[in-house]
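Novice: Structure provided below as structure tokens; questions to follow.
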Amino acid sequence: MEGRLIQKIYWGDTANGGNYLYGSVIDHFDKQVQFENLRFASGKPIKRWHSRTNYQGDRQSPNLPLLRPGYRYRIEHNYSVEPEGRAYIELQYFNRQGEVVGLDILKNGEQEFVYPADAFTYNMALVSAGCQRVYFSDIALYVLDEIDTHYQSRKARGYYSQNRYPQDLEFVTGLIRNTREEEGV
């Protein structure tokens, strides 16, 4: 089934706290990453991405796009693991109070999910199921439902006409006129 690409999600920065670092070797090659940990426990998240962060506390921006409640989405992953099939994607959904309202586990290479109606934010994690190495390029996120788009016109709304300037602005009318002449408006 086709969909519209929303965003490609890359590994990102290693220093942002979303990686499992203990005993791990993480090598970055352009936008690809090789993760290796020969003693990695099953069920532990290898990498986490967030749709909401506390910039003031963490100094990092969200890595995931905002999703619309009730819409269908598809994830296609572009990574391989050794041994094969030993990792999965976990999506955890939260309401406005930070309470978990849903959980999806995507074990196939391409799988669909519906963003819950009461969800406000979500986290995505690449979780180990006994893997030792991950060769990661990206995860592509597609929307499957038709999205209502509203575009704003690029045409300027217009300026105040000379007789409609507020009285408080009479003293800057000359400055506005000079600025327009310099800009060629």
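A note on labels: chains of the structure tokens are A, B, ... as shown, every chain counts residues from 1, and ligands are counted from 1 in their shown order.
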Hey, what does DSSP flag as strand (DSSP E) within chain A? Can you give it to me as a VMD selection string?
Specialist: chain A and resid 4 to 9 25 to 29 32 to 36 45 to 50 72 to 82 87 to 94 100 to 106 110 to 114 121 to 128 133 to 143
Novice: With distances taken over only C-alpha atoms, which residue among A:Met124, A:Ile139, A:Ala87, A:Leu144 lies nearest Ser42 (chain A)?
Specialist: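 With only C-alpha atoms as the atom set, the closest residue is A:Ala87.
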Novice: Report as a list in words all protein, DNA and RNA residues lying within 8 Å of Arg74 (chain A), evaluated on only C-alpha atoms, omitting residues in the same chain fewer than 6 positions from it.
Specialist: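 Contacts, with the query itself left out: Gly3, Glu110, Gln111, Glu112, Phe113, Leu141, Tyr142, Val143 and Leu144 of chain A.
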Novice: Output C-alpha atoms for every residue in the selection just made, as a CSV table (one decimal), in the first residue's frame.
Specialist:
chain,number,residue,atom,x,y,z
A,3,GLY,CA,1.6,6.3,1.4
A,110,GLU,CA,7.2,-3.0,7.1
A,111,GLN,CA,4.2,-2.7,9.3
A,112,GLU,CA,1.2,-0.4,9.8
A,113,PHE,CA,-0.1,1.2,13.0
A,141,LEU,CA,7.5,6.9,8.4
A,142,TYR,CA,4.6,7.1,5.9
A,143,VAL,CA,1.0,8.3,6.4
A,144,LEU,CA,-1.6,6.1,4.7
Novice: Would you mind telling me which residue in A:Asn78, A:Thr14, A:Gln34, A:Thr121 lies nearest to Leu64 (chain A) when using only C-alpha atoms?
Specialist: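 Nearest to Leu64 (chain A): A:Thr121.
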Novice: A:Gln97, A:Gln32, A:Gln92, A:Ser61: which is nearest Ser80 (chain A), counting only C-alpha atoms?
Specialist: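 The closest residue to Ser80 (chain A) is A:Gln32.
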Novice: I'd like the interatomic distance between CA of Ala129 (chain A) and CA of Phe29 (chain A), to a tenth of an Å.
Specialist: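 One can read the CA of Ala129 (chain A) to CA of Phe29 (chain A) distance as 24.4 Å.
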Novice: Within 8 Å of Leu106 (chain A), counting only C-alpha atoms, which residues show up once you throw out same-chain ones fewer than 6 positions away? Write them as a list of chain:residue names, please.
Specialist: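 Returned residues: A:Tyr88, A:Ile89, A:Glu90, A:Leu91.
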Novice: For the residues in the current selection, export N, CA and C atoms as a tab-separated table (two decimals), in the first residue's frame.
Specialist:
chain	number	residue	atom	x	y	z
A	88	TYR	N	13.33	-5.42	17.10
A	88	TYR	CA	12.00	-4.95	16.72
A	88	TYR	C	11.85	-3.49	17.10
A	89	ILE	N	10.80	-2.87	16.55
A	89	ILE	CA	10.51	-1.47	16.85
A	89	ILE	C	9.34	-1.43	17.82
A	90	GLU	N	9.50	-0.63	18.86
A	90	GLU	CA	8.46	-0.47	19.88
A	90	GLU	C	7.98	0.98	19.85
A	91	LEU	N	6.67	1.15	19.72
A	91	LEU	CA	6.05	2.48	19.77
A	91	LEU	C	5.23	2.57	21.05
